[in-house]
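Structure data follow from target-v8.txt (compact mmCIF, N, CA and C atoms):
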```txt
# COMPACT_ATOMS: atom_id res chain seq x y z
N MET A 164 137.07 -180.76 -45.79
CA MET A 164 138.19 -180.08 -45.19
C MET A 164 137.77 -179.30 -43.95
N LYS A 165 136.57 -178.63 -44.04
CA LYS A 165 136.06 -177.87 -42.90
C LYS A 165 135.81 -178.80 -41.71
N ASN A 166 135.27 -179.99 -42.00
CA ASN A 166 135.00 -180.96 -40.93
C ASN A 166 136.29 -181.41 -40.25
N LEU A 167 137.33 -181.56 -41.07
CA LEU A 167 138.62 -181.99 -40.52
C LEU A 167 139.21 -180.90 -39.62
N LEU A 168 139.11 -179.66 -40.04
CA LEU A 168 139.60 -178.54 -39.22
C LEU A 168 138.79 -178.41 -37.93
N LEU A 169 137.47 -178.57 -38.05
CA LEU A 169 136.60 -178.50 -36.88
C LEU A 169 136.94 -179.62 -35.90
N LEU A 170 137.14 -180.81 -36.40
CA LEU A 170 137.51 -181.96 -35.56
C LEU A 170 138.86 -181.73 -34.88
N ALA A 171 139.82 -181.17 -35.61
CA ALA A 171 141.14 -180.89 -35.04
C ALA A 171 141.04 -179.83 -33.95
N ALA A 172 140.19 -178.81 -34.16
CA ALA A 172 140.01 -177.75 -33.15
C ALA A 172 139.37 -178.31 -31.88
N ILE A 173 138.38 -179.17 -32.05
CA ILE A 173 137.71 -179.77 -30.88
C ILE A 173 138.68 -180.66 -30.12
N ALA A 174 139.46 -181.45 -30.84
CA ALA A 174 140.43 -182.34 -30.20
C ALA A 174 141.48 -181.54 -29.43
N THR A 175 141.95 -180.44 -30.04
CA THR A 175 142.95 -179.59 -29.39
C THR A 175 142.39 -178.98 -28.11
N LEU A 176 141.15 -178.50 -28.16
CA LEU A 176 140.53 -177.90 -26.98
C LEU A 176 140.32 -178.92 -25.86
N SER A 177 139.86 -180.12 -26.24
CA SER A 177 139.57 -181.12 -25.21
C SER A 177 140.85 -181.61 -24.52
N PHE A 178 141.97 -181.68 -25.26
CA PHE A 178 143.22 -182.12 -24.65
C PHE A 178 143.90 -181.02 -23.86
N SER A 179 143.54 -179.77 -24.15
CA SER A 179 144.19 -178.67 -23.44
C SER A 179 143.49 -178.33 -22.13
N CYS A 180 142.29 -178.85 -21.89
CA CYS A 180 141.56 -178.57 -20.65
C CYS A 180 142.14 -179.41 -19.52
N LYS A 181 142.31 -178.78 -18.37
CA LYS A 181 142.81 -179.48 -17.19
C LYS A 181 141.68 -179.61 -16.18
N SER A 182 141.64 -180.73 -15.51
CA SER A 182 140.66 -180.93 -14.47
C SER A 182 141.06 -180.11 -13.25
N THR A 183 140.07 -179.52 -12.60
CA THR A 183 140.33 -178.75 -11.39
C THR A 183 140.30 -179.63 -10.15
N ILE A 184 139.95 -180.90 -10.34
CA ILE A 184 139.88 -181.83 -9.21
C ILE A 184 141.27 -182.40 -8.96
N ASN A 185 141.74 -182.20 -7.74
CA ASN A 185 143.03 -182.73 -7.34
C ASN A 185 142.76 -183.83 -6.32
N PRO A 186 143.03 -185.10 -6.65
CA PRO A 186 142.72 -186.19 -5.73
C PRO A 186 143.37 -186.04 -4.35
N ASP A 187 144.47 -185.31 -4.27
CA ASP A 187 145.15 -185.14 -2.99
C ASP A 187 144.36 -184.24 -2.05
N ASN A 188 143.47 -183.40 -2.60
CA ASN A 188 142.71 -182.47 -1.77
C ASN A 188 141.33 -183.00 -1.40
N LEU A 189 140.91 -184.12 -1.96
CA LEU A 189 139.61 -184.68 -1.65
C LEU A 189 139.65 -185.38 -0.30
N PRO A 190 138.52 -185.41 0.44
CA PRO A 190 138.50 -186.15 1.70
C PRO A 190 138.77 -187.63 1.45
N LYS A 191 139.49 -188.24 2.37
CA LYS A 191 139.85 -189.64 2.24
C LYS A 191 138.79 -190.51 2.92
N PRO A 192 138.38 -191.63 2.30
CA PRO A 192 137.49 -192.56 2.99
C PRO A 192 138.19 -193.12 4.22
N LEU A 193 137.43 -193.53 5.21
CA LEU A 193 137.96 -193.98 6.48
C LEU A 193 139.09 -195.01 6.37
N PRO A 194 138.95 -196.10 5.60
CA PRO A 194 140.03 -197.09 5.58
C PRO A 194 141.29 -196.61 4.87
N GLU A 195 141.21 -195.56 4.04
CA GLU A 195 142.36 -195.15 3.26
C GLU A 195 143.14 -194.00 3.87
N ARG A 196 142.61 -193.36 4.90
CA ARG A 196 143.28 -192.15 5.36
C ARG A 196 144.57 -192.48 6.10
N PRO A 197 145.63 -191.74 5.81
CA PRO A 197 146.88 -191.92 6.56
C PRO A 197 146.71 -191.40 7.98
N LYS A 198 147.57 -191.81 8.88
CA LYS A 198 147.44 -191.42 10.28
C LYS A 198 148.62 -190.59 10.77
N GLU A 199 149.41 -190.04 9.88
CA GLU A 199 150.63 -189.38 10.31
C GLU A 199 150.51 -187.89 10.61
N SER A 200 149.61 -187.17 9.95
CA SER A 200 149.70 -185.73 9.99
C SER A 200 148.35 -185.05 10.16
N ALA A 201 148.22 -184.23 11.20
CA ALA A 201 146.99 -183.47 11.40
C ALA A 201 146.88 -182.33 10.41
N GLU A 202 148.00 -181.82 9.90
CA GLU A 202 147.97 -180.70 8.96
C GLU A 202 147.27 -181.09 7.67
N ASN A 203 147.31 -182.35 7.31
CA ASN A 203 146.69 -182.80 6.07
C ASN A 203 145.26 -183.29 6.29
N GLY A 204 144.68 -183.01 7.45
CA GLY A 204 143.31 -183.43 7.71
C GLY A 204 143.19 -184.89 8.08
N ASN A 205 144.18 -185.44 8.76
CA ASN A 205 144.17 -186.84 9.16
C ASN A 205 144.39 -186.95 10.66
N LEU A 206 144.01 -188.10 11.20
CA LEU A 206 144.26 -188.33 12.62
C LEU A 206 145.75 -188.25 12.91
N THR A 207 146.08 -187.65 14.03
CA THR A 207 147.47 -187.66 14.44
C THR A 207 147.81 -189.06 14.93
N GLN A 208 149.08 -189.34 15.04
CA GLN A 208 149.51 -190.65 15.53
C GLN A 208 148.95 -190.90 16.94
N GLN A 209 148.95 -189.86 17.76
CA GLN A 209 148.42 -189.99 19.13
C GLN A 209 146.93 -190.29 19.11
N GLU A 210 146.17 -189.59 18.26
CA GLU A 210 144.73 -189.82 18.17
C GLU A 210 144.44 -191.23 17.66
N ALA A 211 145.16 -191.65 16.64
CA ALA A 211 144.97 -192.99 16.09
C ALA A 211 145.28 -194.06 17.13
N GLN A 212 146.36 -193.86 17.90
CA GLN A 212 146.73 -194.83 18.94
C GLN A 212 145.68 -194.86 20.05
N GLU A 213 145.18 -193.69 20.41
CA GLU A 213 144.14 -193.62 21.45
C GLU A 213 142.89 -194.39 21.00
N MET A 214 142.48 -194.21 19.75
CA MET A 214 141.31 -194.91 19.23
C MET A 214 141.56 -196.42 19.17
N GLU A 215 142.74 -196.80 18.74
CA GLU A 215 143.07 -198.23 18.64
C GLU A 215 143.10 -198.88 20.02
N ASN A 216 143.66 -198.19 21.02
CA ASN A 216 143.70 -198.72 22.38
C ASN A 216 142.30 -198.88 22.96
N LEU A 217 141.46 -197.88 22.74
CA LEU A 217 140.09 -197.93 23.25
C LEU A 217 139.31 -199.06 22.57
N LYS A 218 139.48 -199.19 21.27
CA LYS A 218 138.80 -200.26 20.54
C LYS A 218 139.28 -201.63 21.04
N SER A 219 140.56 -201.76 21.29
CA SER A 219 141.11 -203.01 21.78
C SER A 219 140.52 -203.37 23.16
N GLU A 220 140.41 -202.37 24.04
CA GLU A 220 139.80 -202.59 25.37
C GLU A 220 138.35 -203.06 25.22
N ILE A 221 137.62 -202.43 24.32
CA ILE A 221 136.21 -202.76 24.11
C ILE A 221 136.09 -204.20 23.60
N LEU A 222 136.88 -204.55 22.60
CA LEU A 222 136.81 -205.90 22.04
C LEU A 222 137.25 -206.95 23.04
N THR A 223 138.24 -206.64 23.88
CA THR A 223 138.68 -207.58 24.91
C THR A 223 137.56 -207.83 25.91
N MET A 224 136.88 -206.75 26.32
CA MET A 224 135.76 -206.91 27.25
C MET A 224 134.63 -207.72 26.60
N ALA A 225 134.35 -207.44 25.33
CA ALA A 225 133.26 -208.12 24.63
C ALA A 225 133.53 -209.61 24.49
N LYS A 226 134.80 -209.99 24.34
CA LYS A 226 135.16 -211.39 24.12
C LYS A 226 135.54 -212.11 25.42
N SER A 227 135.35 -211.46 26.56
CA SER A 227 135.80 -212.03 27.83
C SER A 227 134.92 -213.18 28.32
N GLU A 228 133.72 -213.32 27.80
CA GLU A 228 132.81 -214.40 28.21
C GLU A 228 132.60 -215.35 27.04
N LYS A 229 132.48 -216.64 27.36
CA LYS A 229 132.13 -217.62 26.33
C LYS A 229 130.61 -217.56 26.13
N CYS A 230 130.21 -217.79 24.91
CA CYS A 230 128.79 -217.78 24.58
C CYS A 230 128.21 -219.17 24.85
N VAL A 231 127.38 -219.25 25.89
CA VAL A 231 126.74 -220.51 26.25
C VAL A 231 125.23 -220.40 26.03
N ASN A 232 124.66 -219.29 26.47
CA ASN A 232 123.23 -219.05 26.35
C ASN A 232 123.02 -217.75 25.56
N SER A 233 122.42 -217.86 24.40
CA SER A 233 122.26 -216.69 23.53
C SER A 233 121.38 -215.61 24.17
N ALA A 234 120.56 -215.97 25.15
CA ALA A 234 119.72 -214.99 25.83
C ALA A 234 120.55 -214.01 26.66
N ASP A 235 121.79 -214.37 26.97
CA ASP A 235 122.68 -213.52 27.76
C ASP A 235 123.43 -212.50 26.91
N TRP A 236 123.20 -212.49 25.60
CA TRP A 236 124.00 -211.67 24.69
C TRP A 236 123.19 -210.56 24.05
N LYS A 237 123.88 -209.43 23.87
CA LYS A 237 123.30 -208.24 23.25
C LYS A 237 124.28 -207.73 22.20
N SER A 238 123.83 -206.77 21.41
CA SER A 238 124.73 -206.16 20.42
C SER A 238 124.70 -204.65 20.56
N VAL A 239 125.80 -204.02 20.11
CA VAL A 239 125.91 -202.57 20.14
C VAL A 239 126.74 -202.12 18.94
N GLY A 240 126.40 -200.97 18.40
CA GLY A 240 127.15 -200.41 17.28
C GLY A 240 128.47 -199.83 17.75
N LEU A 241 129.53 -200.08 17.02
CA LEU A 241 130.85 -199.55 17.37
C LEU A 241 131.38 -198.72 16.21
N GLY A 242 131.81 -197.52 16.51
CA GLY A 242 132.27 -196.58 15.49
C GLY A 242 131.08 -195.85 14.90
N VAL A 243 131.36 -194.68 14.32
CA VAL A 243 130.31 -193.88 13.71
C VAL A 243 130.78 -193.46 12.32
N LYS A 244 129.98 -193.79 11.32
CA LYS A 244 130.31 -193.36 9.96
C LYS A 244 130.10 -191.86 9.85
N ALA A 245 130.80 -191.24 8.93
CA ALA A 245 130.72 -189.79 8.76
C ALA A 245 129.31 -189.32 8.43
N CYS A 246 128.55 -190.15 7.72
CA CYS A 246 127.19 -189.74 7.38
C CYS A 246 126.16 -190.37 8.32
N GLY A 247 126.62 -190.96 9.40
CA GLY A 247 125.73 -191.51 10.43
C GLY A 247 125.68 -193.02 10.42
N GLY A 248 125.31 -193.56 11.55
CA GLY A 248 125.20 -195.00 11.71
C GLY A 248 126.51 -195.64 12.14
N PRO A 249 126.40 -196.83 12.71
CA PRO A 249 127.61 -197.52 13.19
C PRO A 249 128.45 -198.08 12.05
N VAL A 250 129.74 -198.24 12.33
CA VAL A 250 130.65 -198.85 11.37
C VAL A 250 130.39 -200.36 11.34
N PHE A 251 130.19 -200.96 12.52
CA PHE A 251 129.84 -202.37 12.62
C PHE A 251 129.24 -202.63 14.00
N TYR A 252 128.70 -203.81 14.20
CA TYR A 252 128.13 -204.21 15.49
C TYR A 252 129.02 -205.25 16.14
N ILE A 253 129.05 -205.21 17.48
CA ILE A 253 129.76 -206.24 18.23
C ILE A 253 128.79 -206.84 19.25
N ALA A 254 129.04 -208.07 19.61
CA ALA A 254 128.23 -208.76 20.61
C ALA A 254 128.94 -208.69 21.95
N PHE A 255 128.14 -208.60 23.02
CA PHE A 255 128.71 -208.62 24.37
C PHE A 255 127.74 -209.33 25.30
N SER A 256 128.29 -209.93 26.33
CA SER A 256 127.50 -210.67 27.30
C SER A 256 126.97 -209.73 28.37
N SER A 257 125.75 -209.99 28.81
CA SER A 257 125.18 -209.19 29.89
C SER A 257 125.82 -209.55 31.23
N LYS A 258 126.70 -210.55 31.25
CA LYS A 258 127.39 -210.95 32.47
C LYS A 258 128.61 -210.08 32.77
N ILE A 259 129.08 -209.30 31.79
CA ILE A 259 130.22 -208.41 32.04
C ILE A 259 129.69 -207.14 32.71
N ASP A 260 130.60 -206.27 33.13
CA ASP A 260 130.20 -204.98 33.70
C ASP A 260 129.66 -204.13 32.55
N GLU A 261 128.35 -204.25 32.34
CA GLU A 261 127.71 -203.64 31.17
C GLU A 261 127.82 -202.12 31.17
N ALA A 262 127.69 -201.50 32.33
CA ALA A 262 127.77 -200.04 32.42
C ALA A 262 129.15 -199.55 31.99
N LYS A 263 130.19 -200.19 32.50
CA LYS A 263 131.56 -199.80 32.15
C LYS A 263 131.82 -200.05 30.66
N PHE A 264 131.33 -201.18 30.17
CA PHE A 264 131.51 -201.53 28.76
C PHE A 264 130.84 -200.49 27.86
N LEU A 265 129.58 -200.19 28.12
CA LEU A 265 128.84 -199.24 27.30
C LEU A 265 129.41 -197.82 27.42
N GLU A 266 129.99 -197.51 28.57
CA GLU A 266 130.65 -196.21 28.73
C GLU A 266 131.84 -196.10 27.76
N LYS A 267 132.61 -197.18 27.66
CA LYS A 267 133.76 -197.19 26.73
C LYS A 267 133.28 -197.13 25.27
N VAL A 268 132.21 -197.86 24.96
CA VAL A 268 131.65 -197.84 23.60
C VAL A 268 131.17 -196.43 23.27
N ASN A 269 130.47 -195.79 24.20
CA ASN A 269 129.98 -194.43 23.97
C ASN A 269 131.13 -193.45 23.79
N LEU A 270 132.19 -193.61 24.57
CA LEU A 270 133.36 -192.75 24.44
C LEU A 270 134.00 -192.93 23.06
N TYR A 271 134.15 -194.19 22.65
CA TYR A 271 134.74 -194.49 21.33
C TYR A 271 133.88 -193.87 20.22
N ASN A 272 132.56 -194.04 20.32
CA ASN A 272 131.66 -193.50 19.30
C ASN A 272 131.67 -191.97 19.29
N GLN A 273 131.76 -191.38 20.48
CA GLN A 273 131.83 -189.91 20.57
C GLN A 273 133.11 -189.39 19.91
N LYS A 274 134.23 -190.03 20.21
CA LYS A 274 135.51 -189.61 19.61
C LYS A 274 135.48 -189.83 18.10
N SER A 275 134.88 -190.91 17.66
CA SER A 275 134.76 -191.19 16.23
C SER A 275 133.98 -190.08 15.54
N THR A 276 132.88 -189.65 16.15
CA THR A 276 132.07 -188.55 15.60
C THR A 276 132.87 -187.26 15.56
N GLU A 277 133.60 -186.98 16.64
CA GLU A 277 134.42 -185.75 16.71
C GLU A 277 135.49 -185.74 15.62
N TYR A 278 136.17 -186.87 15.41
CA TYR A 278 137.21 -186.93 14.39
C TYR A 278 136.62 -186.83 12.99
N ASN A 279 135.44 -187.40 12.78
CA ASN A 279 134.77 -187.27 11.48
C ASN A 279 134.56 -185.79 11.15
N LYS A 280 134.09 -185.04 12.14
CA LYS A 280 133.84 -183.61 11.93
C LYS A 280 135.14 -182.82 11.83
N LYS A 281 136.06 -183.10 12.75
CA LYS A 281 137.32 -182.36 12.81
C LYS A 281 138.12 -182.48 11.52
N TYR A 282 138.16 -183.68 10.95
CA TYR A 282 138.98 -183.93 9.77
C TYR A 282 138.17 -184.03 8.48
N ASN A 283 136.89 -183.69 8.55
CA ASN A 283 136.03 -183.69 7.36
C ASN A 283 136.11 -185.03 6.62
N LEU A 284 135.95 -186.12 7.38
CA LEU A 284 136.06 -187.46 6.81
C LEU A 284 134.77 -187.85 6.10
N VAL A 285 134.86 -188.76 5.17
CA VAL A 285 133.71 -189.27 4.46
C VAL A 285 133.63 -190.78 4.66
N SER A 286 132.46 -191.33 4.39
CA SER A 286 132.29 -192.77 4.48
C SER A 286 131.36 -193.23 3.37
N ASP A 287 131.10 -194.53 3.30
CA ASP A 287 130.28 -195.07 2.23
C ASP A 287 128.78 -194.83 2.45
N CYS A 288 128.36 -194.40 3.62
CA CYS A 288 126.96 -194.10 3.94
C CYS A 288 126.04 -195.32 3.80
N MET A 289 126.62 -196.50 3.72
CA MET A 289 125.80 -197.70 3.65
C MET A 289 125.27 -198.01 5.05
N LEU A 290 123.98 -198.25 5.15
CA LEU A 290 123.35 -198.53 6.43
C LEU A 290 123.69 -199.94 6.88
N ILE A 291 124.26 -200.04 8.06
CA ILE A 291 124.58 -201.35 8.65
C ILE A 291 123.45 -201.68 9.63
N LEU A 292 122.72 -202.73 9.34
CA LEU A 292 121.58 -203.11 10.18
C LEU A 292 122.04 -203.91 11.39
N PRO A 293 121.35 -203.72 12.50
CA PRO A 293 121.69 -204.53 13.69
C PRO A 293 121.25 -205.98 13.44
N PRO A 294 121.90 -206.90 14.11
CA PRO A 294 121.51 -208.31 13.93
C PRO A 294 120.12 -208.55 14.50
N GLU A 295 119.40 -209.48 13.88
CA GLU A 295 118.06 -209.83 14.38
C GLU A 295 118.15 -210.64 15.66
N LYS A 296 119.17 -211.50 15.74
CA LYS A 296 119.38 -212.29 16.96
C LYS A 296 120.83 -212.73 17.01
N ILE A 297 121.19 -213.23 18.18
CA ILE A 297 122.54 -213.74 18.41
C ILE A 297 122.42 -215.20 18.82
N GLU A 298 123.21 -216.05 18.19
CA GLU A 298 123.23 -217.47 18.55
C GLU A 298 124.64 -217.85 18.97
N CYS A 299 124.72 -218.83 19.83
CA CYS A 299 126.02 -219.32 20.29
C CYS A 299 126.47 -220.49 19.42
N GLU A 300 127.67 -220.38 18.87
CA GLU A 300 128.25 -221.46 18.07
C GLU A 300 129.70 -221.64 18.50
N ASN A 301 130.02 -222.82 19.01
CA ASN A 301 131.38 -223.15 19.47
C ASN A 301 131.89 -222.15 20.49
N GLY A 302 131.03 -221.69 21.37
CA GLY A 302 131.42 -220.77 22.44
C GLY A 302 131.54 -219.32 22.00
N ASN A 303 131.18 -219.03 20.74
CA ASN A 303 131.26 -217.65 20.24
C ASN A 303 129.88 -217.14 19.84
N PRO A 304 129.63 -215.85 20.06
CA PRO A 304 128.36 -215.28 19.60
C PRO A 304 128.40 -215.08 18.08
N VAL A 305 127.32 -215.44 17.41
CA VAL A 305 127.23 -215.29 15.95
C VAL A 305 125.95 -214.52 15.64
N PHE A 306 126.07 -213.47 14.85
CA PHE A 306 124.91 -212.67 14.46
C PHE A 306 124.11 -213.40 13.39
N LYS A 307 122.79 -213.32 13.52
CA LYS A 307 121.87 -213.86 12.52
C LYS A 307 121.01 -212.70 12.02
N TYR A 308 120.94 -212.58 10.71
CA TYR A 308 120.19 -211.48 10.10
C TYR A 308 118.95 -211.99 9.39
```
Written as structure tokens, how would this file's structure read?
Amino acid sequence: MKNLLLLAAIATLSFSCKSTINPDNLPKPLPERPKESAENGNLTQQEAQEMENLKSEILTMAKSEKCVNSADWKSVGLGVKACGGPVFYIAFSSKIDEAKFLEKVNLYNQKSTEYNKKYNLVSDCMLILPPEKIECENGNPVFKY
């Protein structure tokens, strides 16, 4: 009987405890964060649009040349994870205006770092390694690891 009362007391206590963790207050991982409200620690619509436009310009420049000779191609990290390192790598031809291109990439990465800090964003912290080489396949650069 004592064991039954003890078990009932333990069960009652365990069900009456509430978790202090509120999922709505935890930092959102990069792909899941909404973009509507700065008050909730998220990118504003204007900030999100600015980042999307800049990324689009960068990708358009990177894809503006066909891959014919892999020796003409380089890679650069785009985006910055909250715990460091690039979000992913992109290939670009040395035949484009490299200075202008890298200026845009640096601006995008700088803004990404600023937003990570400003909104206390988190990421998976998985290290993304740069490609060992770039090969041309069907006119497109392909990373080889």
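Using only C-alpha atoms, the smallest distance between any of A:Leu290, A:Val305, A:Val285, A:Met224 and A:Gly240 comes from A:Leu290.
Comparing A:Lys307, A:Lys237, A:Lys218, A:Lys296 by their smallest distance to A:Lys274, the closest is A:Lys218 (using only C-alpha atoms).
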Between atom CA of A:Leu241 and atom CA of A:Asp287 - distance in Å to one decimal: 15.8 Å
Atom pair atom N of A:Ala234 / atom C of A:Ala262: separation (Å): 19.8 Å
Exercise: A:Gly248 partners within 8 Å, only N, CA and C atoms, chain neighbours under 3 positions left out, as a VMD selection string: chain A and resid 240 to 245 251 288 to 291
All helix (DSSP H, G or I) residues (DSSP, backbone) inside stretch 229-294 of chain A, as number ranges by chain: A: 233-235, 261-281
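Atom CA of A:Cys299 is positioned 5.3 Å from atom CA of A:Cys230.
Of the residues under consideration (A:Lys281, A:Tyr308, A:Thr223, A:Ser257), A:Tyr308 shows the shortest atom-to-atom contact distance to A:Pro293 when counting all atoms listed in the file.
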